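Engineer: Below is the file target02.cif, with mmCIF, C-alpha atoms.
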```cif
data_run
#
loop_
_atom_site.label_atom_id
_atom_site.label_comp_id
_atom_site.auth_asym_id
_atom_site.auth_seq_id
_atom_site.Cartn_x
_atom_site.Cartn_y
_atom_site.Cartn_z
CA MET A 1 -29.43 -12.28 15.50
CA LEU A 2 -26.95 -9.86 17.06
CA THR A 3 -23.65 -8.86 15.49
CA LEU A 4 -22.06 -9.09 18.97
CA ILE A 5 -19.78 -11.73 20.52
CA SER A 6 -21.28 -12.99 23.79
CA PRO A 7 -19.40 -12.44 27.08
CA ASN A 8 -18.80 -16.18 27.58
CA THR A 9 -17.42 -16.62 24.08
CA LEU A 10 -15.26 -13.54 24.57
CA ARG A 11 -13.59 -15.03 27.64
CA THR A 12 -12.77 -18.20 25.71
CA ILE A 13 -11.19 -16.48 22.73
CA VAL A 14 -9.16 -14.12 24.93
CA GLN A 15 -7.68 -17.20 26.59
CA LEU A 16 -7.01 -18.99 23.29
CA SER A 17 -5.41 -15.88 21.79
CA GLY A 18 -3.27 -15.14 24.83
CA GLU A 19 -1.90 -18.68 24.82
CA ALA A 20 -1.13 -18.49 21.08
CA ILE A 21 0.64 -15.14 21.39
CA ARG A 22 2.80 -16.28 24.32
CA ASP A 23 3.64 -19.54 22.53
CA PHE A 24 4.78 -17.63 19.44
CA LEU A 25 6.86 -15.09 21.36
CA SER A 26 8.53 -17.75 23.48
CA GLN A 27 9.66 -19.78 20.45
CA ALA A 28 10.43 -17.01 17.94
CA ASP A 29 14.02 -16.03 17.14
CA ALA A 30 14.25 -12.25 17.50
CA SER A 31 17.15 -12.10 15.04
CA GLN A 32 14.78 -13.25 12.28
CA PHE A 33 12.44 -10.28 12.73
CA LYS A 34 12.64 -6.50 12.46
CA GLY A 35 10.79 -3.53 13.89
CA GLU A 36 7.97 -4.04 16.33
CA ALA A 37 8.11 -7.84 15.96
CA HIS A 38 11.77 -7.89 17.03
CA GLU A 39 11.03 -5.56 19.95
CA ALA A 40 8.05 -7.66 21.08
CA ILE A 41 10.01 -10.92 21.09
CA VAL A 42 12.91 -9.37 23.03
CA SER A 43 10.48 -7.76 25.49
CA PHE A 44 8.62 -11.02 26.12
CA LYS A 45 11.76 -13.00 26.82
CA ALA A 46 12.92 -10.33 29.26
CA ASN A 47 9.58 -10.19 31.09
CA PRO A 48 7.06 -12.97 30.26
CA SER A 49 4.81 -11.94 33.16
CA GLY A 50 4.02 -8.72 31.30
CA PHE A 51 2.10 -10.72 28.69
CA SER A 52 -0.66 -12.36 30.75
CA ASP A 53 -4.21 -12.33 29.37
CA ASP A 54 -5.16 -9.49 31.70
CA LYS A 55 -2.11 -7.48 30.68
CA LEU A 56 -2.74 -8.00 26.97
CA VAL A 57 -6.36 -6.86 27.32
CA SER A 58 -5.30 -3.83 29.35
CA TYR A 59 -2.79 -2.83 26.64
CA GLY A 60 -5.63 -2.75 24.11
CA ALA A 61 -8.24 -1.11 26.33
CA ASP A 62 -7.46 2.52 25.51
CA THR A 63 -8.12 3.14 21.81
CA VAL A 64 -5.57 5.98 21.76
CA ALA A 65 -2.79 4.42 23.85
CA ALA A 66 -3.16 0.97 22.24
CA ILE A 67 -0.93 1.93 19.31
CA TYR A 68 2.04 2.06 21.71
CA TYR A 69 1.71 -1.70 22.41
CA PRO A 70 2.72 -3.96 19.50
CA VAL A 71 1.32 -6.96 21.40
CA ARG A 72 -2.22 -6.58 22.72
CA ILE A 73 -5.79 -7.87 22.72
CA GLU A 74 -8.49 -5.34 21.84
CA VAL A 75 -12.09 -5.94 22.90
CA ARG A 76 -14.05 -3.51 20.76
CA GLY A 77 -17.55 -2.09 20.92
CA THR A 78 -18.39 -3.47 24.37
CA THR A 79 -21.99 -3.47 25.58
CA GLN A 80 -23.91 -5.46 28.20
CA GLU A 81 -24.78 -7.92 25.46
CA GLY A 82 -21.20 -8.55 24.39
CA ALA A 83 -18.53 -7.06 22.13
CA ALA A 84 -18.59 -6.08 18.48
CA GLN A 85 -15.19 -7.58 17.76
CA MET A 86 -12.04 -8.94 19.36
CA VAL A 87 -8.58 -8.54 17.85
CA ALA A 88 -5.43 -10.33 18.93
CA LYS A 89 -2.16 -8.69 17.84
CA GLY A 90 1.22 -10.28 18.38
CA VAL A 91 1.96 -13.11 15.92
CA TRP A 92 4.09 -12.27 12.87
CA GLY A 93 5.16 -14.07 9.71
CA PRO A 94 3.91 -17.39 8.29
CA LYS A 95 3.17 -18.64 11.80
CA ARG A 96 0.17 -16.30 11.97
CA VAL A 97 -1.72 -18.27 9.30
CA GLU A 98 -1.06 -21.51 11.17
CA VAL A 99 -2.12 -20.04 14.51
CA THR A 100 -5.30 -18.60 13.01
CA ALA A 101 -6.27 -21.97 11.55
CA GLU A 102 -5.65 -23.71 14.88
CA ILE A 103 -7.76 -21.22 16.86
CA ALA A 104 -10.50 -21.31 14.22
CA GLN A 105 -10.66 -25.10 14.53
CA LYS A 106 -10.95 -24.89 18.31
CA CYS A 107 -13.73 -22.30 17.98
CA LYS A 108 -15.56 -24.61 15.57
CA GLU A 109 -15.21 -27.59 17.92
CA LEU A 110 -16.64 -25.48 20.75
CA GLY A 111 -19.53 -24.30 18.57
CA LEU A 112 -18.75 -20.64 19.17
CA GLY A 113 -20.15 -19.39 15.85
CA LEU A 114 -17.16 -17.20 15.00
CA HIS A 115 -14.95 -16.60 12.01
CA LEU A 116 -11.38 -15.31 11.99
CA LYS A 117 -9.63 -13.00 9.53
CA LEU A 118 -6.06 -11.77 9.13
CA ALA A 119 -5.47 -8.02 9.26
CA GLY A 120 -2.34 -5.92 8.96
CA THR A 121 0.90 -7.81 9.56
CA SER A 122 0.26 -9.31 12.99
CA SER A 123 -3.44 -9.16 13.85
CA ILE A 124 -6.21 -11.76 13.96
CA GLU A 125 -9.80 -10.48 13.96
CA PHE A 126 -12.67 -12.37 15.60
CA ASN A 127 -16.27 -11.69 14.60
CA VAL A 128 -19.62 -13.44 14.77
CA ASP A 129 -20.25 -15.65 11.73
CA GLY A 130 -21.64 -13.50 8.95
CA VAL A 131 -20.10 -10.29 10.32
CA ASP A 132 -17.44 -9.05 7.92
CA LYS A 133 -16.86 -6.16 5.54
CA ALA A 134 -19.63 -7.45 3.28
CA LEU A 135 -22.29 -7.00 5.98
CA PRO A 136 -22.66 -3.19 5.84
CA ILE A 137 -22.75 -3.43 2.04
CA HIS A 138 -25.56 -6.00 2.12
CA PHE A 139 -27.36 -3.91 4.74
CA LEU A 140 -27.32 -0.86 2.48
CA GLN A 141 -28.53 -2.97 -0.43
CA GLY A 142 -31.62 -3.67 1.65
CA ALA A 143 -32.08 -0.35 3.43
CA PHE A 144 -30.30 2.35 1.42
CA GLU A 145 -33.11 4.91 1.17
CA ASP A 146 -33.95 4.56 4.87
CA VAL A 147 -30.31 5.10 5.82
CA LEU A 148 -30.02 8.17 3.58
CA LYS A 149 -33.04 9.69 5.33
CA GLU A 150 -31.73 8.80 8.79
CA MET A 151 -28.30 10.33 8.15
CA ASN A 152 -30.01 13.49 6.81
CA TYR A 153 -28.30 13.06 3.45
CA LYS A 154 -28.37 16.14 1.24
CA PRO A 155 -27.69 15.82 -2.52
CA GLY A 156 -24.95 17.85 -4.16
CA ALA A 157 -24.91 19.69 -7.46
CA GLN A 158 -23.71 16.65 -9.43
CA ILE A 159 -24.90 13.60 -7.44
CA ASP A 160 -28.27 12.82 -5.88
CA SER A 161 -27.88 9.40 -4.31
CA PHE A 162 -31.63 9.12 -3.72
CA LYS A 163 -31.88 8.86 -7.52
CA SER A 164 -28.55 7.35 -8.55
CA LYS A 165 -28.14 4.91 -5.61
CA MET A 166 -24.45 5.81 -5.86
CA ILE A 167 -21.97 5.10 -3.06
CA ILE A 168 -18.23 4.53 -2.80
CA ALA A 169 -16.97 2.34 0.04
CA ALA A 170 -13.35 1.80 0.97
CA ASP A 171 -10.98 0.19 3.42
CA GLY A 172 -9.01 2.44 5.78
CA ASP A 173 -5.37 1.45 6.41
CA GLY A 174 -3.33 1.51 3.19
CA THR A 175 -6.32 2.68 1.16
CA ILE A 176 -7.66 5.96 2.58
CA TYR A 177 -4.80 6.71 4.97
CA ASP A 178 -1.49 5.11 5.99
CA GLY A 179 -1.49 2.22 8.43
CA PRO A 180 -0.51 2.73 12.08
CA ARG A 181 2.98 2.37 13.46
CA ILE A 182 4.07 2.26 17.08
CA GLY A 183 3.01 5.59 18.55
CA VAL A 184 1.76 6.94 15.20
CA LEU A 185 -1.83 6.84 13.93
CA PRO A 186 -2.10 8.56 10.52
CA GLY A 187 -5.47 9.87 9.42
CA LEU A 188 -7.13 11.36 6.36
CA ALA A 189 -5.69 14.77 7.21
CA ASP A 190 -2.21 13.43 6.39
CA SER A 191 -3.31 11.53 3.27
CA PRO A 192 -3.08 12.39 -0.44
CA VAL A 193 -6.61 10.98 -0.70
CA ARG A 194 -8.18 13.82 1.29
CA ASP A 195 -8.75 16.38 -1.48
CA ALA A 196 -10.11 13.84 -3.96
CA LEU A 197 -12.46 12.33 -1.37
CA CYS A 198 -13.71 15.76 -0.33
CA ALA A 199 -14.34 16.64 -3.99
CA TYR A 200 -16.42 13.49 -4.41
CA LEU A 201 -18.39 14.27 -1.24
CA GLN A 202 -18.82 17.90 -2.28
CA ALA A 203 -20.34 16.69 -5.54
CA GLY A 204 -22.97 14.86 -3.49
CA GLY A 205 -21.50 11.38 -3.34
CA VAL A 206 -22.02 9.11 -0.32
CA PHE A 207 -18.88 7.55 1.17
CA MET A 208 -18.67 4.62 3.57
CA LEU A 209 -15.41 3.77 5.30
CA VAL A 210 -15.36 0.03 6.02
CA SER A 211 -12.67 -0.87 8.53
CA GLY A 212 -11.65 -3.89 10.52
CA ASN A 213 -10.34 -1.46 13.12
CA ASP A 214 -11.80 0.02 16.29
CA MET A 215 -14.82 2.27 15.69
CA ASN A 216 -13.72 5.20 17.85
CA ARG A 217 -10.23 5.21 16.41
CA THR A 218 -11.46 4.81 12.82
CA PHE A 219 -14.12 7.52 13.12
CA LYS A 220 -11.66 10.09 14.40
CA ARG A 221 -9.06 9.32 11.74
CA LEU A 222 -11.61 10.06 9.01
CA VAL A 223 -14.03 12.68 10.30
CA ASP A 224 -11.50 15.05 11.89
CA ALA A 225 -10.28 15.87 8.37
CA LEU A 226 -13.69 16.58 6.81
CA PRO A 227 -15.51 19.91 6.53
CA GLN A 228 -18.74 19.99 8.53
CA GLU A 229 -20.94 20.46 5.46
CA LEU A 230 -19.87 17.01 4.20
CA TYR A 231 -20.82 15.08 7.35
CA CYS A 232 -24.30 14.29 6.00
CA ARG A 233 -22.77 12.14 3.25
CA VAL A 234 -20.51 9.94 5.38
CA LEU A 235 -20.99 6.50 6.94
CA VAL A 236 -18.45 4.52 8.97
CA ALA A 237 -18.56 0.74 9.38
CA ALA A 238 -15.94 -0.60 11.78
CA ASN A 239 -15.03 -3.41 14.16
CA GLY A 240 -14.95 -5.72 11.17
CA GLY A 241 -18.44 -4.73 10.01
CA ALA A 242 -20.13 -5.28 13.38
CA GLU A 243 -21.11 -1.61 13.72
CA LEU A 244 -22.39 1.05 11.32
CA VAL A 245 -22.72 4.75 12.18
CA TYR A 246 -23.41 8.00 10.41
CA VAL A 247 -21.96 11.43 11.19
CA ASN A 248 -24.39 13.95 12.65
CA ALA A 249 -24.18 17.73 12.23
CA GLU A 250 -21.99 18.03 15.35
CA GLY A 251 -19.49 15.51 14.00
CA ARG A 252 -20.51 12.71 16.37
CA ALA A 253 -21.00 9.04 15.55
CA VAL A 254 -24.65 7.94 15.64
CA PRO A 255 -25.47 4.22 15.29
CA VAL A 256 -27.65 3.42 12.27
CA SER A 257 -31.00 2.20 13.58
CA GLY A 258 -31.41 -1.54 13.74
CA TYR A 259 -28.01 -2.41 12.34
CA ARG A 260 -26.75 -4.51 15.25
CA LYS A 261 -30.02 -6.42 15.52
CA LYS A 262 -31.15 -6.63 11.89
CA ALA A 263 -28.08 -6.61 9.66
CA LEU A 264 -27.42 -10.35 9.79
CA ASP A 265 -31.05 -11.24 9.09
CA LEU A 266 -31.29 -8.66 6.31
CA SER A 267 -28.15 -9.99 4.65
CA HIS A 268 -29.96 -13.28 3.98
CA GLN A 269 -32.99 -11.63 2.38
CA SER A 270 -33.46 -10.56 -1.22
CA HIS A 271 -32.10 -7.07 -1.66
CA GLN A 272 -34.59 -4.28 -2.31
CA HIS A 273 -32.17 -1.88 -3.98
CA VAL A 274 -29.68 -2.22 -6.79
CA LEU A 275 -26.84 0.03 -5.67
CA ASP A 276 -24.21 1.65 -7.83
CA ILE A 277 -21.54 0.77 -5.29
CA ILE A 278 -17.75 0.62 -5.57
CA TYR A 279 -15.39 -0.91 -3.02
CA ILE A 280 -11.71 0.09 -2.82
CA GLY A 281 -9.28 -2.05 -0.83
CA ASP A 282 -5.60 -2.92 -0.61
CA ASP A 283 -5.71 -6.68 0.09
CA GLY A 284 -6.67 -9.14 -2.63
CA SER A 285 -6.00 -12.23 -0.54
CA MET A 286 -8.96 -14.59 -0.14
CA GLU A 287 -8.00 -14.84 3.55
CA GLY A 288 -7.85 -11.09 4.06
CA ASN A 289 -10.64 -8.90 5.40
CA ASP A 290 -11.22 -6.94 2.16
CA TYR A 291 -12.19 -10.03 0.18
CA PRO A 292 -15.80 -10.34 1.44
CA ALA A 293 -16.41 -6.71 0.42
CA PHE A 294 -14.99 -7.29 -3.04
CA LYS A 295 -17.32 -10.25 -3.46
CA ALA A 296 -20.30 -8.30 -2.12
CA VAL A 297 -20.00 -5.53 -4.74
CA GLY A 298 -18.74 -7.85 -7.48
CA PHE A 299 -15.27 -7.79 -8.99
CA LYS A 300 -16.43 -5.42 -11.77
CA ASN A 301 -17.17 -2.84 -9.09
CA SER A 302 -13.98 -3.49 -7.12
CA VAL A 303 -10.76 -1.47 -7.05
CA LEU A 304 -7.59 -3.11 -5.73
CA VAL A 305 -4.81 -0.69 -4.75
CA ALA A 306 -2.31 -3.20 -3.33
CA PRO A 307 1.33 -2.28 -4.17
CA LYS A 308 1.76 -5.56 -6.07
CA PHE A 309 -0.61 -8.20 -7.41
CA LEU A 310 0.50 -11.22 -5.39
CA ALA A 311 0.23 -14.86 -6.42
CA GLU A 312 -2.24 -15.64 -3.62
CA TYR A 313 -4.71 -12.99 -4.82
CA ASP A 314 -7.89 -14.07 -6.56
CA PRO A 315 -7.20 -13.86 -10.33
CA GLY A 316 -10.71 -12.44 -10.74
CA LEU A 317 -9.42 -9.21 -9.21
CA LYS A 318 -6.74 -8.73 -11.86
CA PRO A 319 -8.88 -6.55 -14.19
CA CYS A 320 -9.68 -4.18 -11.32
CA TYR A 321 -6.08 -3.87 -10.12
CA VAL A 322 -4.90 -0.26 -9.89
CA GLY A 323 -2.03 -0.45 -7.39
CA GLY A 324 -0.40 2.50 -5.70
CA LEU A 325 -2.07 2.27 -2.26
CA LEU A 326 -3.13 5.82 -1.26
CA GLN A 327 -2.03 7.29 -4.57
CA GLY A 328 -4.04 4.64 -6.38
CA THR A 329 -7.15 5.56 -4.37
CA ARG A 330 -6.58 9.26 -5.03
CA GLN A 331 -6.20 8.65 -8.76
CA TYR A 332 -9.29 6.46 -8.90
CA LEU A 333 -11.44 9.06 -7.15
CA GLU A 334 -10.19 11.80 -9.47
CA ASP A 335 -10.85 9.65 -12.55
CA PHE A 336 -14.28 8.70 -11.17
CA LEU A 337 -15.28 12.35 -10.86
CA SER A 338 -13.96 13.32 -14.29
CA SER A 339 -15.51 10.36 -16.13
CA ARG A 340 -18.83 9.87 -14.35
CA ILE A 341 -19.72 13.33 -13.09
CA LYS A 342 -20.58 15.81 -15.81
#
```
Translate the structure of the given file into structure tokens.
Structural biologist:
Amino acid sequence: MLTLISPNTLRTIVQLSGEAIRDFLSQADASQFKGEAHEAIVSFKANPSGFSDDKLVSYGADTVAAIYYPVRIEVRGTTQEGAAQMVAKGVWGPKRVEVTAEIAQKCKELGLGLHLKLAGTSSIEFNVDGVDKALPIHFLQGAFEDVLKEMNYKPGAQIDSFKSKMIIAADGDGTIYDGPRIGVLPGLADSPVRDALCAYLQAGGVFMLVSGNDMNRTFKRLVDALPQELYCRVLVAANGGAELVYVNAEGRAVPVSGYRKKALDLSHQSHQHVLDIIYIGDDGSMEGNDYPAFKAVGFKNSVLVAPKFLAEYDPGLKPCYVGGLLQGTRQYLEDFLSSRIK
């Protein structure tokens, strides 16, 4: 079973999302919103024709220029067989939860085999059922040694992951680097996490970035800040878990063999490896896209760096709450090295 959304399904969800975005923008009161939400509502009411389905898709087509459009539809990881993920951005506030539920119900009635997740402050992610941030974790639990060999992993002086089965996985925005703003796309190079992450990699640790964001954009934000000798210890899962790549010696993204075709089937099988795996994320909500990853590694192996522990978070995550966003991640990595690496 493929991790890709079929072309026919893609057309349907683009239409459903476009209608929901235009409905929200037409009814929203701009005075009740700030920042990009305020600008988007004002812009729509001045020029509704600029928000057609085709326009929204075009705004999200360029992975670099997309950050300049607060309202857009991104079709990610496109192949002849479909797309890895679709993301609709342009509904803010409590209305987003309502809209997501309505679209999810329509998808269910149509038998599309999709699930929807909230991301950031205004995005809705669409993936094939079973494709989420838990999928690359389950895949590694069934194929870890093979992946290490394929990525040409080389142990460090303190960590040999062939022996220890050790890996740290983490979310991107708000966890490894700051989230995007209009016209600004922060990366690891600008993050207080960089030195601590590089120290962990230098020791021999394997790191997997697990992002709901676009693969090309995510890969660049991470890998551009890493020394070349650390590439062999880095994996990137993106597009909501639909794609998994490793970094080759030239710093390019190389798809992990069989992931798109085998990951979903492998996730239902008994796992061959017991991994020493940690997941770090900034969203403890059961509706958020970090939650499947927390469940996949178990709450005892989870690290929550959200700025506050909100009432809607799963209470099971309370013992693993660190807080601090990027600073929390940095501190955890430093403590991990000092306590577990001798």
Engineer: Between A:Glu74, A:Val91, A:Glu36, A:Gln158, which has the minimum distance to Arg22 of chain A (counting all atoms listed in the file)?
Structural biologist: A:Val91
Engineer: What lies within 9 Å of Tyr231 of chain A using all atoms listed in the file, ignoring chain neighbours under 5 positions off, as a list in words?
Structural biologist: Met151, Tyr153, Leu201, Val223, Leu226, Tyr246, Val247, Asn248, Ala249, Glu250 and Gly251 of chain A
Engineer: Starting from the displayed file, determine the output of the PyMOL selection byres ((chain A and resi 112-123) around 9) and express the residue list as a ChimeraX atom specification.
Structural biologist: /A:5,9,37,70-71,87-93,96-97,100-101,103-104,106-111,124-132,173,179,212,287-289
Engineer: So what does the PyMOL selection byres ((chain A and resi 221) around 8) actually pick up in this one, as JSON, numbers by chain?
Structural biologist: {"A": [185, 186, 187, 188, 189, 217, 218, 219, 220, 222, 223, 224, 225]}
Engineer: Nearest to Glu150 of chain A: which of A:Arg233, A:Ile277, A:Leu25, A:Tyr332 is it, counting all atoms listed in the file?
Structural biologist: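 With all atoms listed in the file as the atom set, the closest residue is A:Arg233.
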Engineer: Quick one: residues within 7 Å of Phe299 of chain A, all atoms listed in the file counted, chain neighbours fewer than 4 positions away excluded, as a ChimeraX atom specification?
Structural biologist: /A:294-295,316-317
Engineer: Quick one: write out the picked residues with C-alpha atoms as a short mmCIF file (atom, residue, chain, number, x, y, z; two decimals), in the coordinates of the input?
Structural biologist:
```cif
data_model
loop_
_atom_site.label_atom_id
_atom_site.label_comp_id
_atom_site.auth_asym_id
_atom_site.auth_seq_id
_atom_site.Cartn_x
_atom_site.Cartn_y
_atom_site.Cartn_z
CA PHE A 294 -14.99 -7.29 -3.04
CA LYS A 295 -17.32 -10.25 -3.46
CA GLY A 316 -10.71 -12.44 -10.74
CA LEU A 317 -9.42 -9.21 -9.21
#
```
Engineer: Step by step, work through what the PyMOL selection byres ((chain A and resi 286) around 8) selects in the shown file, and finish by giving those residues as number ranges by chain.
Structural biologist: A: 284-285, 287-288, 291, 312-314
Engineer: Keeping C-alpha atoms for every residue in the selection just given, could you write it to a file as a short mmCIF file (atom, residue, chain, number, x, y, z; two decimals), in the coordinates of the input?
Structural biologist:
```cif
data_model
loop_
_atom_site.label_atom_id
_atom_site.label_comp_id
_atom_site.auth_asym_id
_atom_site.auth_seq_id
_atom_site.Cartn_x
_atom_site.Cartn_y
_atom_site.Cartn_z
CA GLY A 284 -6.67 -9.14 -2.63
CA SER A 285 -6.00 -12.23 -0.54
CA GLU A 287 -8.00 -14.84 3.55
CA GLY A 288 -7.85 -11.09 4.06
CA TYR A 291 -12.19 -10.03 0.18
CA GLU A 312 -2.24 -15.64 -3.62
CA TYR A 313 -4.71 -12.99 -4.82
CA ASP A 314 -7.89 -14.07 -6.56
#
```
Engineer: Name the residues in contact with Glu81 of chain A at a cut-off of 9 Å, using all atoms listed in the file, excluding same-chain residues fewer than 2 positions from it; report them as a ChimeraX atom specification.
Structural biologist: /A:2,4-7,78-79,83
Engineer: Atom CA of Met208 of chain A and atom CA of Leu310 of chain A are how many Å apart?
Structural biologist: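 That distance, rounded to one decimal, is 26.4 Å.
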Engineer: A:Lys154, A:Lys133, A:Lys261, A:Lys149: which is nearest Gly172 of chain A, counting only C-alpha atoms?
Structural biologist: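 Closest candidate: A:Lys133.
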Engineer: Neighbours of Ala238 of chain A within 8 Å (only C-alpha atoms; same-chain residues fewer than 6 positions away dropped), as a list in words?
Structural biologist: Leu209, Val210, Ser211, Gly212, Asn213, Asp214, Met215, Thr218 and Leu244 of chain A
Engineer: Find the residues near Lys165 of chain A: any atom within 8 Å, counting only C-alpha atoms, skip ones fewer than 3 places away on the same chain, and give them as a ChimeraX atom specification.
Structural biologist: /A:144,160-162,274-277
Engineer: Reconstruct all heavy atoms of segment 302-310 of chain A; output as a PDB file, in the coordinates of the input.
Structural biologist:
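Result went into result-v2.pdb, see below:
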```pdb
ATOM      1  N   SER A 302     -15.058  -3.491  -8.111  1.00  0.00           N
ATOM      2  CA  SER A 302     -13.980  -3.490  -7.120  1.00  0.00           C
ATOM      3  C   SER A 302     -12.768  -2.732  -7.645  1.00  0.00           C
ATOM      4  O   SER A 302     -12.532  -2.677  -8.854  1.00  0.00           O
ATOM      5  CB  SER A 302     -13.574  -4.930  -6.780  1.00  0.00           C
ATOM      6  OG  SER A 302     -14.648  -5.653  -6.217  1.00  0.00           O
ATOM      7  N   VAL A 303     -12.008  -2.163  -6.722  1.00  0.00           N
ATOM      8  CA  VAL A 303     -10.760  -1.470  -7.050  1.00  0.00           C
ATOM      9  C   VAL A 303      -9.704  -1.946  -6.071  1.00  0.00           C
ATOM     10  O   VAL A 303      -9.837  -1.750  -4.862  1.00  0.00           O
ATOM     11  CB  VAL A 303     -10.919   0.061  -6.951  1.00  0.00           C
ATOM     12  CG1 VAL A 303      -9.606   0.753  -7.299  1.00  0.00           C
ATOM     13  CG2 VAL A 303     -12.048   0.563  -7.847  1.00  0.00           C
ATOM     14  N   LEU A 304      -8.655  -2.579  -6.574  1.00  0.00           N
ATOM     15  CA  LEU A 304      -7.590  -3.110  -5.730  1.00  0.00           C
ATOM     16  C   LEU A 304      -6.360  -2.216  -5.848  1.00  0.00           C
ATOM     17  O   LEU A 304      -5.806  -2.054  -6.945  1.00  0.00           O
ATOM     18  CB  LEU A 304      -7.246  -4.544  -6.142  1.00  0.00           C
ATOM     19  CG  LEU A 304      -6.090  -5.216  -5.392  1.00  0.00           C
ATOM     20  CD1 LEU A 304      -6.387  -5.334  -3.901  1.00  0.00           C
ATOM     21  CD2 LEU A 304      -5.799  -6.598  -5.987  1.00  0.00           C
ATOM     22  N   VAL A 305      -5.934  -1.635  -4.727  1.00  0.00           N
ATOM     23  CA  VAL A 305      -4.810  -0.690  -4.750  1.00  0.00           C
ATOM     24  C   VAL A 305      -3.560  -1.259  -4.075  1.00  0.00           C
ATOM     25  O   VAL A 305      -2.676  -0.506  -3.680  1.00  0.00           O
ATOM     26  CB  VAL A 305      -5.206   0.660  -4.113  1.00  0.00           C
ATOM     27  CG1 VAL A 305      -6.299   1.332  -4.916  1.00  0.00           C
ATOM     28  CG2 VAL A 305      -5.629   0.483  -2.651  1.00  0.00           C
ATOM     29  N   ALA A 306      -3.490  -2.573  -3.923  1.00  0.00           N
ATOM     30  CA  ALA A 306      -2.310  -3.200  -3.330  1.00  0.00           C
ATOM     31  C   ALA A 306      -1.056  -2.802  -4.115  1.00  0.00           C
ATOM     32  O   ALA A 306      -1.120  -2.583  -5.330  1.00  0.00           O
ATOM     33  CB  ALA A 306      -2.460  -4.722  -3.347  1.00  0.00           C
ATOM     34  N   PRO A 307       0.112  -2.699  -3.455  1.00  0.00           N
ATOM     35  CA  PRO A 307       1.330  -2.280  -4.170  1.00  0.00           C
ATOM     36  C   PRO A 307       1.751  -3.251  -5.264  1.00  0.00           C
ATOM     37  O   PRO A 307       2.297  -2.846  -6.286  1.00  0.00           O
ATOM     38  CB  PRO A 307       2.376  -2.191  -3.062  1.00  0.00           C
ATOM     39  CG  PRO A 307       1.828  -2.980  -1.921  1.00  0.00           C
ATOM     40  CD  PRO A 307       0.341  -2.873  -2.011  1.00  0.00           C
ATOM     41  N   LYS A 308       1.473  -4.541  -5.064  1.00  0.00           N
ATOM     42  CA  LYS A 308       1.760  -5.560  -6.070  1.00  0.00           C
ATOM     43  C   LYS A 308       0.599  -6.547  -6.124  1.00  0.00           C
ATOM     44  O   LYS A 308      -0.096  -6.757  -5.131  1.00  0.00           O
ATOM     45  CB  LYS A 308       3.052  -6.326  -5.736  1.00  0.00           C
ATOM     46  CG  LYS A 308       4.307  -5.487  -5.774  1.00  0.00           C
ATOM     47  CD  LYS A 308       5.533  -6.337  -5.445  1.00  0.00           C
ATOM     48  CE  LYS A 308       6.804  -5.498  -5.479  1.00  0.00           C
ATOM     49  NZ  LYS A 308       8.012  -6.311  -5.146  1.00  0.00           N
ATOM     50  N   PHE A 309       0.413  -7.163  -7.286  1.00  0.00           N
ATOM     51  CA  PHE A 309      -0.610  -8.200  -7.410  1.00  0.00           C
ATOM     52  C   PHE A 309       0.047  -9.540  -7.098  1.00  0.00           C
ATOM     53  O   PHE A 309       0.771 -10.104  -7.914  1.00  0.00           O
ATOM     54  CB  PHE A 309      -1.237  -8.218  -8.806  1.00  0.00           C
ATOM     55  CG  PHE A 309      -2.535  -8.973  -8.858  1.00  0.00           C
ATOM     56  CD1 PHE A 309      -3.739  -8.306  -8.690  1.00  0.00           C
ATOM     57  CD2 PHE A 309      -2.554 -10.353  -9.036  1.00  0.00           C
ATOM     58  CE1 PHE A 309      -4.953  -8.988  -8.712  1.00  0.00           C
ATOM     59  CE2 PHE A 309      -3.750 -11.051  -9.051  1.00  0.00           C
ATOM     60  CZ  PHE A 309      -4.955 -10.370  -8.891  1.00  0.00           C
ATOM     61  N   LEU A 310      -0.189 -10.034  -5.880  1.00  0.00           N
ATOM     62  CA  LEU A 310       0.500 -11.220  -5.390  1.00  0.00           C
ATOM     63  C   LEU A 310      -0.122 -12.513  -5.915  1.00  0.00           C
ATOM     64  O   LEU A 310      -1.293 -12.543  -6.312  1.00  0.00           O
ATOM     65  CB  LEU A 310       0.498 -11.225  -3.863  1.00  0.00           C
ATOM     66  CG  LEU A 310       1.127  -9.992  -3.194  1.00  0.00           C
ATOM     67  CD1 LEU A 310       1.044 -10.115  -1.679  1.00  0.00           C
ATOM     68  CD2 LEU A 310       2.576  -9.813  -3.639  1.00  0.00           C
TER      69      LEU A 310
END
```
